[in-house]
Structure formats: structure tokens, C-alpha cells
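Next comes final00.cif, with mmCIF, C-alpha atoms and all ligand atoms.
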data_start
#
loop_
_atom_site.group_PDB
_atom_site.id
_atom_site.type_symbol
_atom_site.label_atom_id
_atom_site.label_comp_id
_atom_site.auth_asym_id
_atom_site.auth_seq_id
_atom_site.Cartn_x
_atom_site.Cartn_y
_atom_site.Cartn_z
ATOM 1 C CA MET A 478 3.249 -18.758 -4.983
ATOM 2 C CA MET A 479 6.656 -17.230 -4.303
ATOM 3 C CA LEU A 480 7.398 -15.075 -1.277
ATOM 4 C CA ILE A 481 9.551 -11.971 -1.621
ATOM 5 C CA GLU A 482 10.912 -10.283 1.480
ATOM 6 C CA CYS A 483 10.168 -6.565 1.228
ATOM 7 C CA PRO A 484 12.786 -4.738 3.335
ATOM 8 C CA TRP A 485 9.939 -2.799 4.994
ATOM 9 C CA CYS A 486 6.847 -5.044 4.934
ATOM 10 C CA GLY A 487 8.429 -8.468 5.347
ATOM 11 C CA PRO A 488 7.518 -11.562 3.312
ATOM 12 C CA ARG A 489 4.781 -10.912 0.759
ATOM 13 C CA ASP A 490 3.443 -12.716 -2.274
ATOM 14 C CA GLN A 491 5.168 -12.175 -5.611
ATOM 15 C CA SER A 492 1.924 -10.827 -7.115
ATOM 16 C CA GLU A 493 2.370 -7.621 -5.088
ATOM 17 C CA PHE A 494 5.727 -6.848 -6.738
ATOM 18 C CA ARG A 495 7.097 -5.661 -10.058
ATOM 19 C CA CYS A 496 10.640 -6.183 -11.309
ATOM 20 C CA GLY A 497 12.482 -3.059 -12.457
ATOM 21 C CA GLY A 498 15.396 -4.731 -14.240
ATOM 22 C CA GLU A 499 19.112 -4.614 -13.549
ATOM 23 C CA ALA A 500 20.177 -2.654 -10.466
ATOM 24 C CA HIS A 501 23.113 -0.311 -9.864
ATOM 25 C CA ILE A 502 23.052 1.361 -13.281
ATOM 26 C CA VAL A 503 24.290 4.857 -12.577
ATOM 27 C CA ARG A 504 23.136 7.749 -14.705
ATOM 28 C CA PRO A 505 26.171 9.288 -16.406
ATOM 29 C CA THR A 506 27.178 12.723 -15.136
ATOM 30 C CA ASP A 507 29.189 13.744 -18.223
ATOM 31 C CA SER A 508 26.269 13.323 -20.627
ATOM 32 C CA GLU A 509 27.469 16.015 -23.040
ATOM 33 C CA GLY A 510 30.786 14.286 -23.606
ATOM 34 C CA MET A 511 29.272 10.885 -24.331
ATOM 35 C CA SER A 512 29.224 9.190 -27.697
ATOM 36 C CA ASP A 513 26.052 7.643 -29.129
ATOM 37 C CA ALA A 514 27.486 4.223 -28.411
ATOM 38 C CA GLU A 515 28.051 5.114 -24.756
ATOM 39 C CA TRP A 516 24.504 6.448 -24.511
ATOM 40 C CA ALA A 517 23.135 3.306 -26.118
ATOM 41 C CA ASP A 518 25.081 1.222 -23.637
ATOM 42 C CA TYR A 519 23.615 3.195 -20.716
ATOM 43 C CA VAL A 520 20.039 3.177 -22.018
ATOM 44 C CA PHE A 521 19.684 -0.238 -23.614
ATOM 45 C CA MET A 522 22.431 -2.707 -22.761
ATOM 46 C CA ARG A 523 21.776 -5.030 -19.830
ATOM 47 C CA LYS A 524 23.666 -8.017 -18.435
ATOM 48 C CA ASN A 525 21.064 -10.805 -18.566
ATOM 49 C CA PRO A 526 23.390 -13.282 -16.835
ATOM 50 C CA LYS A 527 22.782 -16.962 -16.230
ATOM 51 C CA GLY A 528 23.269 -17.066 -12.470
ATOM 52 C CA ILE A 529 23.661 -14.261 -9.943
ATOM 53 C CA HIS A 530 21.861 -11.060 -10.902
ATOM 54 C CA HIS A 531 21.306 -7.822 -8.961
ATOM 55 C CA GLU A 532 17.879 -6.374 -9.720
ATOM 56 C CA ARG A 533 15.588 -3.529 -8.751
ATOM 57 C CA TRP A 534 12.178 -4.508 -7.424
ATOM 58 C CA PHE A 535 9.118 -2.442 -6.579
ATOM 59 C CA HIS A 536 6.526 -3.326 -3.928
ATOM 60 C CA ALA A 537 3.838 -2.014 -6.257
ATOM 61 C CA HIS A 538 0.713 -3.139 -4.398
ATOM 62 C CA GLY A 539 2.187 -2.796 -0.911
ATOM 63 C CA CYS A 540 4.318 0.012 0.498
ATOM 64 C CA ARG A 541 5.251 1.240 -3.021
ATOM 65 C CA ARG A 542 8.983 1.359 -2.244
ATOM 66 C CA TRP A 543 11.838 0.337 -4.526
ATOM 67 C CA PHE A 544 14.537 -1.978 -3.257
ATOM 68 C CA ASN A 545 17.258 -4.272 -4.575
ATOM 69 C CA MET A 546 17.375 -8.033 -4.812
ATOM 70 C CA THR A 547 20.099 -10.495 -5.684
ATOM 71 C CA ARG A 548 18.570 -13.473 -7.459
ATOM 72 C CA ASP A 549 19.896 -16.594 -9.119
ATOM 73 C CA THR A 550 18.317 -16.515 -12.561
ATOM 74 C CA VAL A 551 18.790 -20.269 -12.967
ATOM 75 C CA SER A 552 17.069 -21.480 -9.787
ATOM 76 C CA ASP A 553 14.972 -18.326 -9.203
ATOM 77 C CA ARG A 554 16.291 -18.469 -5.645
ATOM 78 C CA ILE A 555 16.388 -15.072 -3.895
ATOM 79 C CA LEU A 556 19.831 -14.747 -2.344
ATOM 80 C CA ALA A 557 19.512 -11.312 -0.750
ATOM 81 C CA VAL A 558 17.200 -8.327 -0.436
ATOM 82 C CA TYR A 559 18.709 -4.946 0.379
ATOM 83 C CA LYS A 560 17.765 -1.293 0.326
ATOM 84 C CA VAL A 561 18.468 1.242 -2.395
ATOM 85 C CA GLY A 562 21.951 2.701 -1.912
ATOM 86 C CA GLU A 563 23.275 -0.438 -0.235
ATOM 87 C CA THR A 564 25.624 -3.038 -1.709
ATOM 88 C CA SER A 565 24.504 -6.608 -2.135
ATOM 89 C CA PRO A 566 25.847 -8.792 0.665
ATOM 90 C CA VAL A 567 26.022 -11.697 -1.774
ATOM 91 C CA GLY A 568 28.999 -12.663 -3.997
ATOM 92 C CA ASP A 569 29.166 -9.880 -6.490
ATOM 93 C CA GLY A 570 28.428 -11.019 -9.996
ATOM 94 C CA ALA A 571 29.444 -7.625 -11.357
ATOM 95 C CA ALA A 572 32.864 -7.736 -9.700
ATOM 96 C CA ALA A 573 33.451 -11.320 -10.839
ATOM 97 C CA GLU A 574 32.557 -10.370 -14.395
ATOM 98 C CA ALA A 575 34.851 -7.330 -14.350
ATOM 99 C CA GLY A 576 37.655 -9.566 -13.079
ATOM 100 C CA ALA A 577 37.107 -11.993 -15.934
ATOM 101 C CA GLU A 578 37.244 -9.137 -18.454
ATOM 102 C CA ALA A 579 40.516 -7.830 -16.971
ATOM 103 C CA SER A 580 42.214 -11.224 -17.099
ATOM 104 C CA LYS A 581 41.558 -11.665 -20.831
ATOM 105 C CA MET B 1179 -28.491 32.072 -22.153
ATOM 106 C CA ALA B 1180 -29.441 32.785 -18.577
ATOM 107 C CA GLU B 1181 -26.808 32.628 -15.915
ATOM 108 C CA PRO B 1182 -27.270 29.640 -13.611
ATOM 109 C CA ALA B 1183 -28.838 30.753 -10.369
ATOM 110 C CA ALA B 1184 -26.280 31.334 -7.647
ATOM 111 C CA THR B 1185 -26.615 28.866 -4.834
ATOM 112 C CA THR B 1186 -25.251 28.677 -1.348
ATOM 113 C CA GLN B 1187 -26.014 24.971 -1.047
ATOM 114 C CA THR B 1188 -23.088 22.634 -0.622
ATOM 115 C CA PRO B 1189 -23.002 19.698 -3.027
ATOM 116 C CA VAL B 1190 -24.725 16.594 -1.789
ATOM 117 C CA ARG B 1191 -22.174 14.151 -0.416
ATOM 118 C CA ARG B 1192 -22.794 10.778 -1.943
ATOM 119 C CA ALA B 1193 -21.047 7.722 -0.572
ATOM 120 C CA ALA B 1194 -19.356 5.595 -3.218
ATOM 121 C CA LEU B 1195 -21.833 2.745 -2.867
ATOM 122 C CA ASP B 1196 -25.050 4.776 -2.695
ATOM 123 C CA ALA B 1197 -25.818 3.850 -6.293
ATOM 124 C CA LEU B 1198 -26.207 0.213 -5.283
ATOM 125 C CA GLY B 1199 -29.262 1.139 -3.213
ATOM 126 C CA LEU B 1200 -28.214 -1.275 -0.487
ATOM 127 C CA THR B 1201 -30.820 -2.303 2.037
ATOM 128 C CA ALA B 1202 -30.235 -4.196 5.244
ATOM 129 C CA ALA B 1203 -30.641 -7.941 4.939
ATOM 130 C CA ALA B 1204 -29.878 -10.651 7.453
ATOM 131 C CA PRO B 1205 -30.839 -14.071 6.136
ATOM 132 C CA ALA B 1206 -30.961 -16.875 8.685
ATOM 133 C CA GLY B 1207 -27.567 -18.472 9.208
ATOM 134 C CA ALA B 1208 -25.610 -15.693 7.515
ATOM 135 C CA GLN B 1209 -22.026 -15.808 8.782
ATOM 136 C CA VAL B 1210 -20.560 -12.798 6.983
ATOM 137 C CA THR B 1211 -21.758 -9.209 7.218
ATOM 138 C CA LEU B 1212 -20.823 -6.506 4.738
ATOM 139 C CA ARG B 1213 -21.306 -2.840 5.497
ATOM 140 C CA ALA B 1214 -20.715 0.180 3.269
ATOM 141 C CA LEU B 1215 -18.927 2.601 5.586
ATOM 142 C CA ALA B 1216 -19.721 6.282 5.729
ATOM 143 C CA ASP B 1217 -16.927 8.542 4.519
ATOM 144 C CA VAL B 1218 -14.309 9.625 7.010
ATOM 145 C CA CYS B 1219 -11.567 12.209 6.753
ATOM 146 C CA ARG B 1220 -8.483 10.599 5.215
ATOM 147 C CA LEU B 1221 -5.209 12.482 5.022
ATOM 148 C CA ASN B 1222 -2.050 11.059 3.499
ATOM 149 C CA LEU B 1223 1.125 12.186 5.226
ATOM 150 C CA ARG B 1224 4.640 11.807 3.836
ATOM 151 C CA LEU B 1225 7.345 12.714 6.321
ATOM 152 C CA ASP B 1226 10.831 11.596 7.310
ATOM 153 C CA ALA B 1227 10.160 10.097 10.752
ATOM 154 C CA GLY B 1228 13.735 10.980 11.622
ATOM 155 C CA ILE B 1229 12.818 14.675 11.833
ATOM 156 C CA GLY B 1230 12.420 14.724 15.608
ATOM 157 C CA ALA B 1231 11.013 18.239 15.794
ATOM 158 C CA ALA B 1232 8.241 17.387 13.310
ATOM 159 C CA VAL B 1233 7.365 14.161 15.139
ATOM 160 C CA ALA B 1234 7.237 16.085 18.430
ATOM 161 C CA ALA B 1235 5.013 18.772 16.891
ATOM 162 C CA LEU B 1236 2.667 16.061 15.621
ATOM 163 C CA ALA B 1237 2.586 14.430 19.052
ATOM 164 C CA ALA B 1238 1.679 17.797 20.563
ATOM 165 C CA ALA B 1239 -1.162 17.990 18.020
ATOM 166 C CA GLY B 1240 -2.367 14.584 19.245
ATOM 167 C CA TRP B 1241 -0.867 12.347 16.561
ATOM 168 C CA THR B 1242 1.622 9.582 17.189
ATOM 169 C CA LEU B 1243 2.965 7.964 14.041
ATOM 170 C CA PRO B 1244 3.449 4.187 14.169
ATOM 171 C CA THR B 1245 6.957 3.374 12.967
ATOM 172 C CA THR B 1246 6.758 -0.407 12.806
ATOM 173 C CA ALA B 1247 5.474 -1.958 9.587
ATOM 174 C CA GLY B 1248 1.724 -2.520 9.643
ATOM 175 C CA GLY B 1249 1.226 -0.552 12.860
ATOM 176 C CA VAL B 1250 -1.872 1.434 13.781
ATOM 177 C CA ALA B 1251 -1.702 4.202 16.394
ATOM 178 C CA LYS B 1252 -4.918 5.322 18.026
ATOM 179 C CA ALA B 1253 -5.567 8.911 19.008
ATOM 180 C CA ALA B 1254 -8.506 10.675 20.641
ATOM 181 C CA ASP B 1255 -12.040 10.546 19.173
ATOM 182 C CA GLY B 1256 -11.495 7.353 17.192
ATOM 183 C CA ARG B 1257 -8.714 8.929 15.147
ATOM 184 C CA ARG B 1258 -6.126 6.511 13.827
ATOM 185 C CA ALA B 1259 -2.764 6.741 12.106
ATOM 186 C CA LEU B 1260 -2.118 3.816 9.745
ATOM 187 C CA TRP B 1261 1.400 2.824 8.662
ATOM 188 C CA LEU B 1262 1.575 2.696 4.868
ATOM 189 C CA GLY B 1263 5.354 2.826 4.391
ATOM 190 C CA PRO B 1264 8.562 3.897 6.132
ATOM 191 C CA ASP B 1265 7.707 7.560 5.521
ATOM 192 C CA GLU B 1266 3.999 7.398 4.753
ATOM 193 C CA TRP B 1267 0.854 7.267 6.868
ATOM 194 C CA LEU B 1268 -2.892 7.491 6.423
ATOM 195 C CA LEU B 1269 -4.549 9.618 9.085
ATOM 196 C CA LEU B 1270 -8.222 8.848 9.753
ATOM 197 C CA ALA B 1271 -10.647 11.065 11.641
ATOM 198 C CA PRO B 1272 -14.350 11.925 11.697
ATOM 199 C CA LEU B 1273 -15.430 13.672 8.514
ATOM 200 C CA ASP B 1274 -16.382 16.908 10.252
ATOM 201 C CA ALA B 1275 -12.847 17.217 11.634
ATOM 202 C CA ARG B 1276 -11.346 17.637 8.162
ATOM 203 C CA GLU B 1277 -10.855 21.408 8.034
ATOM 204 C CA ALA B 1278 -9.606 21.616 11.610
ATOM 205 C CA MET B 1279 -7.206 18.726 11.033
ATOM 206 C CA LEU B 1280 -5.771 20.164 7.855
ATOM 207 C CA SER B 1281 -5.017 23.456 9.530
ATOM 208 C CA ALA B 1282 -3.742 21.907 12.792
ATOM 209 C CA LEU B 1283 -1.420 19.496 10.983
ATOM 210 C CA GLY B 1284 -0.412 22.182 8.522
ATOM 211 C CA SER B 1285 0.773 24.450 11.308
ATOM 212 C CA ALA B 1286 2.383 21.587 13.271
ATOM 213 C CA LEU B 1287 4.451 20.650 10.218
ATOM 214 C CA ALA B 1288 5.172 24.152 8.955
ATOM 215 C CA GLY B 1289 8.865 24.534 8.157
ATOM 216 C CA HIS B 1290 9.418 20.758 7.959
ATOM 217 C CA HIS B 1291 9.807 18.949 4.660
ATOM 218 C CA HIS B 1292 6.555 17.002 4.288
ATOM 219 C CA ALA B 1293 3.510 16.384 2.110
ATOM 220 C CA LEU B 1294 0.006 16.395 3.538
ATOM 221 C CA VAL B 1295 -2.678 15.475 1.003
ATOM 222 C CA ASP B 1296 -6.420 15.304 1.570
ATOM 223 C CA LEU B 1297 -7.553 11.944 0.144
ATOM 224 C CA THR B 1298 -10.964 11.901 1.813
ATOM 225 C CA ASP B 1299 -12.827 11.593 -1.475
ATOM 226 C CA ASN B 1300 -10.264 9.265 -3.028
ATOM 227 C CA TYR B 1301 -11.278 6.218 -1.022
ATOM 228 C CA ALA B 1302 -14.305 4.169 -0.067
ATOM 229 C CA GLY B 1303 -14.550 1.896 2.961
ATOM 230 C CA ILE B 1304 -16.241 -1.479 3.320
ATOM 231 C CA GLU B 1305 -16.418 -3.448 6.535
ATOM 232 C CA ILE B 1306 -16.454 -7.221 6.454
ATOM 233 C CA ALA B 1307 -17.156 -9.101 9.666
ATOM 234 C CA GLY B 1308 -17.783 -12.696 10.602
ATOM 235 C CA ARG B 1309 -15.955 -15.884 11.533
ATOM 236 C CA PRO B 1310 -15.127 -16.761 7.914
ATOM 237 C CA ALA B 1311 -14.234 -13.137 6.993
ATOM 238 C CA ALA B 1312 -10.560 -14.028 6.526
ATOM 239 C CA ASP B 1313 -11.537 -16.957 4.292
ATOM 240 C CA VAL B 1314 -13.531 -14.606 2.087
ATOM 241 C CA LEU B 1315 -10.646 -12.128 1.860
ATOM 242 C CA ALA B 1316 -8.124 -14.894 1.236
ATOM 243 C CA LYS B 1317 -9.893 -15.812 -1.993
ATOM 244 C CA GLY B 1318 -8.373 -12.727 -3.584
ATOM 245 C CA CYS B 1319 -5.772 -11.411 -1.173
ATOM 246 C CA PRO B 1320 -2.293 -12.974 -0.837
ATOM 247 C CA LEU B 1321 -1.688 -11.657 2.703
ATOM 248 C CA ASP B 1322 -1.144 -14.065 5.578
ATOM 249 C CA LEU B 1323 -4.358 -13.382 7.496
ATOM 250 C CA ASP B 1324 -3.674 -15.887 10.252
ATOM 251 C CA GLU B 1325 -4.345 -14.555 13.756
ATOM 252 C CA ARG B 1326 -0.614 -14.677 14.559
ATOM 253 C CA ALA B 1327 0.414 -12.716 11.468
ATOM 254 C CA PHE B 1328 -2.461 -10.269 11.230
ATOM 255 C CA PRO B 1329 -4.150 -9.678 14.605
ATOM 256 C CA SER B 1330 -6.405 -6.758 15.524
ATOM 257 C CA GLY B 1331 -4.670 -3.412 15.225
ATOM 258 C CA ARG B 1332 -2.675 -4.298 12.113
ATOM 259 C CA VAL B 1333 -2.842 -2.757 8.664
ATOM 260 C CA ALA B 1334 -1.383 -3.804 5.307
ATOM 261 C CA GLN B 1335 -1.602 -2.718 1.726
ATOM 262 C CA SER B 1336 -2.189 -5.519 -0.712
ATOM 263 C CA LEU B 1337 -4.511 -6.724 -3.441
ATOM 264 C CA LEU B 1338 -8.168 -7.685 -3.394
ATOM 265 C CA GLY B 1339 -8.688 -9.371 -6.723
ATOM 266 C CA LYS B 1340 -7.343 -6.784 -9.158
ATOM 267 C CA ALA B 1341 -7.794 -3.793 -6.850
ATOM 268 C CA ASP B 1342 -5.248 -2.177 -4.550
ATOM 269 C CA MET B 1343 -6.522 -2.393 -1.011
ATOM 270 C CA ILE B 1344 -5.653 -1.058 2.426
ATOM 271 C CA LEU B 1345 -6.727 -3.782 4.837
ATOM 272 C CA GLU B 1346 -7.070 -3.006 8.525
ATOM 273 C CA ARG B 1347 -8.001 -5.568 11.129
ATOM 274 C CA ARG B 1348 -10.285 -3.749 13.560
ATOM 275 C CA PRO B 1349 -11.079 -4.765 17.132
ATOM 276 C CA ASP B 1350 -13.124 -7.963 17.221
ATOM 277 C CA GLY B 1351 -16.908 -7.647 17.216
ATOM 278 C CA ALA B 1352 -19.194 -8.143 20.182
ATOM 279 C CA ASP B 1353 -19.153 -11.948 20.093
ATOM 280 C CA GLY B 1354 -15.471 -12.157 19.238
ATOM 281 C CA VAL B 1355 -15.907 -12.278 15.463
ATOM 282 C CA PRO B 1356 -13.099 -10.758 13.414
ATOM 283 C CA VAL B 1357 -13.803 -7.409 11.763
ATOM 284 C CA TYR B 1358 -11.829 -6.066 8.805
ATOM 285 C CA GLN B 1359 -11.969 -2.703 7.123
ATOM 286 C CA VAL B 1360 -11.296 -2.726 3.405
ATOM 287 C CA THR B 1361 -10.325 0.622 1.871
ATOM 288 C CA VAL B 1362 -10.126 0.890 -1.906
ATOM 289 C CA ARG B 1363 -10.019 3.653 -4.467
ATOM 290 C CA ARG B 1364 -13.477 5.108 -4.813
ATOM 291 C CA SER B 1365 -13.785 3.928 -8.412
ATOM 292 C CA PHE B 1366 -13.099 0.361 -7.212
ATOM 293 C CA ALA B 1367 -15.801 0.499 -4.522
ATOM 294 C CA ARG B 1368 -18.423 -1.390 -6.481
ATOM 295 C CA TYR B 1369 -15.879 -3.903 -7.752
ATOM 296 C CA ALA B 1370 -14.707 -4.575 -4.193
ATOM 297 C CA TRP B 1371 -18.255 -4.811 -2.867
ATOM 298 C CA ASP B 1372 -19.345 -7.258 -5.561
ATOM 299 C CA TRP B 1373 -16.168 -9.232 -5.113
ATOM 300 C CA LEU B 1374 -16.637 -9.562 -1.318
ATOM 301 C CA ALA B 1375 -20.349 -10.276 -1.638
ATOM 302 C CA ASP B 1376 -19.640 -13.014 -4.162
ATOM 303 C CA GLY B 1377 -16.902 -14.470 -1.978
ATOM 304 C CA ALA B 1378 -19.194 -14.458 1.050
ATOM 305 C CA LEU B 1379 -22.132 -16.182 -0.650
ATOM 306 C CA GLU B 1380 -21.110 -19.674 0.381
ATOM 307 C CA PHE B 1381 -21.064 -18.587 4.054
ATOM 308 C CA GLY B 1382 -24.370 -16.722 3.939
ATOM 309 C CA LEU B 1383 -24.242 -12.968 3.379
ATOM 310 C CA ALA B 1384 -25.868 -10.301 5.526
ATOM 311 C CA VAL B 1385 -25.857 -6.636 4.545
ATOM 312 C CA ALA B 1386 -25.770 -3.891 7.158
ATOM 313 C CA VAL B 1387 -26.443 -0.268 6.314
HETATM 314 ZN ZN ZN C 1 6.764 -3.200 1.132
#

Render the structure in this file as C-alpha cells.
Ligand SMILES: [Zn+2]
Amino acid sequence: MMLIECPWCGPRDQSEFRCGGEAHIVRPTDSEGMSDAEWADYVFMRKNPKGIHHERWFHAHGCRRWFNMTRDTVSDRILAVYKVGETSPVGDGAAAEAGAEASK
Amino acid sequence: MAEPAATTQTPVRRAALDALGLTAAAPAGAQVTLRALADVCRLNLRLDAGIGAAVAALAAAGWTLPTTAGGVAKAADGRRALWLGPDEWLLLAPLDAREAMLSALGSALAGHHHALVDLTDNYAGIEIAGRPAADVLAKGCPLDLDERAFPSGRVAQSLLGKADMILERRPDGADGVPVYQVTVRRSFARYAWDWLADGALEFGLAVAV
């Protein structure tokens, strides 16, 4: 049994929740100008990191609200839970990754 | 083919568990009582609780919306507003108040962004009472049902076995026994009843009608 802290309901059992995959993927606004490869990247490509991951979760059998979670995919430890539209308070995996790309 | 005869009769209202043909039974030593509850008016309200004018109009119509998670606000005539989410409530009232409620709430909320949906026939209610009632529920519900976490006057949505459930802890019974109201989708009524009855067997099961 693993407890997940719903931002509205408080700690609830994992069985009440569903994971909605990687968070913070923004729908492109310039869809007409996008190449097939860019579309494919938006629709299909996900990070799947070993370590810190920002995810969308859904309290499916509770208040039925979506929220975000930062989770360590190695230890399964939940590092932060935050509402849709907010930024994760935990060390940003995305930013770190972007930094690594830029320094190559 | 003859036209069906016109009728002015209203359809017969059948409670979700009528088909079980339940009869009252109180075996000696039974510690858990199950009761199929008669239908009540159930309205689902979606509203941004930050719209002060709408909240004030509701208050004037006799409805206070609980804003803390799991809260239940009582109104006149046994009416209750159950917290389902940060912008969602279930309003309960006697069945014969349905039409009046729909129109009163409709006018109170007119001009405010909201959704008011009549779910009266969507749900079925079962009451489970008795000292081991929480132990029966805990067999298939992951909620923390301890007195400190889930006292009287609290509500939560969760699972009962495979069924979505709205669980409300009602005021304790006459001799201080805990009383819970289980609300499930109507099509899950029999599943929930059988599930609770099975879970209660080891404690002795009484049926109230
Ligand atoms: Zn929740």
C-alpha cells in the first residue's frame, strides 16, 4: 500500500489514482507550421528518465481532479505534489536535462 | 396496431434493491445492520466557490457549501451538502423536494457559471450500522476509517471493492454505534449490497427494511 497526497483530499491509497504520464507537455499553438517529426515528438515522445520525473496524476476514484507529482522513478519516492499550472518545487529534471544538452 | 392507451399514471418508482425482495431479519447476536435506503433527491452542483455572489445567493436559498475537503453542511429539513471536490458538491434533500429545489437553485444561480445536474436516479443508498461497521467497510475500502480521521459528519469518495462509492459517516446510532451511508451508482447497488452482506457475515448480519 502506497499513500499519495491528493492536493485536495489529502493522503489516499494508490488504488484510488491513475497516472497520466509526463507532465508539462504543452500543446503546440503553431500546429499548421509543424513538420511531421515535430508532431510525432509532441504526440509520442516522452522522457522516461531514471530518476526525477514530473508526472500528471488523476484522483480517479476520489475527487476526480488532475494534479502533478514529482517522483523518483528509481526509488518510487514521491518528492512533491502540486496543482495543475504550478511549477514543481523540487529540483527540476527538465531544466537539468536542458542544461546538459546545451553544454554538449 | 392499436395505439397504446393514454395514461395519466406516473411510472412506479422502484428502489434499486427492490428486486432482492429484502425482508427484515435480526438474528440473535447480529452486530451489523444493513438497510436499503429509500431514494432521496440528489443534485450535483459544479461551481467556483470563489464566485461570492453565487455563494451568497445559495446561502439565501438555504444552502451553505462546505469548502473543506470531506465536509458536510447541514441545512433545514435534513438537507445536506456533501463536499465532493474543490468545485463540486452533492446536495441531498427529501425526494418530494426535487422540483422545488431544482427551480430554487436554478434561479439562485442564474447568471453565474455553474452546472446543476439531477442525479436522483443515478445513485442508490445503503446504510451500514454497527460496532464493526468500519471493519466491514475496510475489507474493500482503502480509506482511513479511524475515528480521528473519519468522524461523524465527514464524507469521502473512494472504492468499495471494484465500485466507486461516496461514503458518509452519519451521526452515531442510539446506543453510540457508528452509522455509515454508502452511495453507489444504481447499477452497482446489488454488487455493493452483496459485498457488504458478505463482509458482515462474520459479525452477524441483520437486515432492516
Ligand atoms: Zn482528491

Rows by chain and residue number, chain B within 9 Å of ligand ZN 1 (chain C), shortest pair, all atoms listed in the file, as a Markdown table:
| residue | atom | partner | partner_atom | distance |
| --- | --- | --- | --- | --- |
| B:Ala1247 | CA | C:ZN1 | ZN | 8.6 |
| B:Leu1262 | CA | C:ZN1 | ZN | 8.7 |
| B:Gly1263 | CA | C:ZN1 | ZN | 7.0 |
| B:Pro1264 | CA | C:ZN1 | ZN | 8.9 |
| B:Gln1335 | CA | C:ZN1 | ZN | 8.4 |

Export C-alpha atoms of the chosen residues as a compact mmCIF listing (two decimals), keeping the file's coordinate frame?
# COMPACT_ATOMS: atom_id res chain seq x y z
CA ALA B 1247 5.47 -1.96 9.59
CA LEU B 1262 1.58 2.70 4.87
CA GLY B 1263 5.35 2.83 4.39
CA PRO B 1264 8.56 3.90 6.13
CA GLN B 1335 -1.60 -2.72 1.73

Distance filter 12 Å, all atoms listed in the file, chain B against chain A, as a ChimeraX atom specification
/B:1245-1249,1260-1268,1318-1323,1327,1332-1345,1362

Exercise on range 1321-1330 of chain B, axis-aligned box with 8 Å per side, report centre and edge lengths in Å to one decimal, as lines of an AutoDock Vina configuration file:
center_x = -3.0
center_y = -11.3
center_z = 9.1
size_x = 22.8
size_y = 25.1
size_z = 28.8

Neighbours of Asp1217 in chain B within 7 Å (only C-alpha atoms; same-chain residues fewer than 6 positions away dropped), as a list in words?
Ala1193, Leu1273 and Ala1302 of chain B

Report, in Å to a single decimal, how far apart CA of His501 in chain A and CA of Lys527 in chain A are.
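Taking CA of Lys527 in chain A as the start and CA of His501 in chain A as the end point, the length is 17.8 Å.
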
Closest of A:Val551, A:Leu556, A:Phe544, A:Gly568 to Arg495 in chain A - atom-to-atom distances counting only C-alpha atoms:
A:Phe544

Please report the interatomic distance between CA of Pro1349 in chain B and CA of Gly1228 in chain B in Å with one decimal.
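Straight-line distance from CA of Pro1349 in chain B to CA of Gly1228 in chain B works out to 29.9 Å.
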
Computed interatomic separation between CA of Asn1300 in chain B and CA of Asp1372 in chain B (Å)
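Pair CA of Asn1300 in chain B / CA of Asp1372 in chain B returns 19.0 Å.
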
Take the PyMOL selection byres (((chain A and resi 557) around 8) and not hetatm), apply it to the structure above, and return the hits as a PDB file with C-alpha atoms, in the coordinates of the input.
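Result went into selection-v2.pdb, see below:
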ATOM      1  CA  MET A 546      17.375  -8.033  -4.812  1.00  0.00           C
ATOM      2  CA  THR A 547      20.099 -10.495  -5.684  1.00  0.00           C
ATOM      3  CA  ARG A 548      18.570 -13.473  -7.459  1.00  0.00           C
ATOM      4  CA  ILE A 555      16.388 -15.072  -3.895  1.00  0.00           C
ATOM      5  CA  LEU A 556      19.831 -14.747  -2.344  1.00  0.00           C
ATOM      6  CA  VAL A 558      17.200  -8.327  -0.436  1.00  0.00           C
ATOM      7  CA  TYR A 559      18.709  -4.946   0.379  1.00  0.00           C
ATOM      8  CA  SER A 565      24.504  -6.608  -2.135  1.00  0.00           C
ATOM      9  CA  PRO A 566      25.847  -8.792   0.665  1.00  0.00           C
ATOM     10  CA  VAL A 567      26.022 -11.697  -1.774  1.00  0.00           C
TER      11      VAL A 567
END

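Residue nearest Ala1231 in chain B within the list B:Ala1286, B:Gly1308, B:Ala1316, B:Ala1352: B:Ala1286 [criterion: smallest interatomic distance, all atoms listed in the file].
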
Could you list the residues chosen by the PyMOL selection byres (((chain B and resi 1353-1359) around 8) and not hetatm) in this structure as a list in words?
Gly1303, Ile1304, Glu1305, Ile1306, Ala1307, Gly1308, Arg1309, Ala1311, Leu1345, Glu1346, Arg1347, Arg1348, Pro1349, Asp1350, Gly1351, Ala1352, Val1360 and Thr1361 of chain B

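Excluding range 504-510 of chain A itself and any same-chain residue fewer than 6 positions from it, the protein and nucleic acid residues within 12 Å of it, counting all atoms listed in the file, are Trp516, Ala517, Asp518, Tyr519 and Val520 of chain A.
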
Please determine the residues with any atom at most 8 Å from (-14.3, 3.4, -5.4) (coordinates as given in the file, with all atoms listed in the file counting) and report them as a PyMOL selection string.
chain B and resi 1194-1195+1300-1302+1362-1369

Prev. selection, C-alpha atoms, output as a CSV table (one decimal), in the frame of the given file:
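Result went into result27.csv, see below:
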chain,number,residue,atom,x,y,z
B,1194,ALA,CA,-19.4,5.6,-3.2
B,1195,LEU,CA,-21.8,2.7,-2.9
B,1300,ASN,CA,-10.3,9.3,-3.0
B,1301,TYR,CA,-11.3,6.2,-1.0
B,1302,ALA,CA,-14.3,4.2,-0.1
B,1362,VAL,CA,-10.1,0.9,-1.9
B,1363,ARG,CA,-10.0,3.7,-4.5
B,1364,ARG,CA,-13.5,5.1,-4.8
B,1365,SER,CA,-13.8,3.9,-8.4
B,1366,PHE,CA,-13.1,0.4,-7.2
B,1367,ALA,CA,-15.8,0.5,-4.5
B,1368,ARG,CA,-18.4,-1.4,-6.5
B,1369,TYR,CA,-15.9,-3.9,-7.8
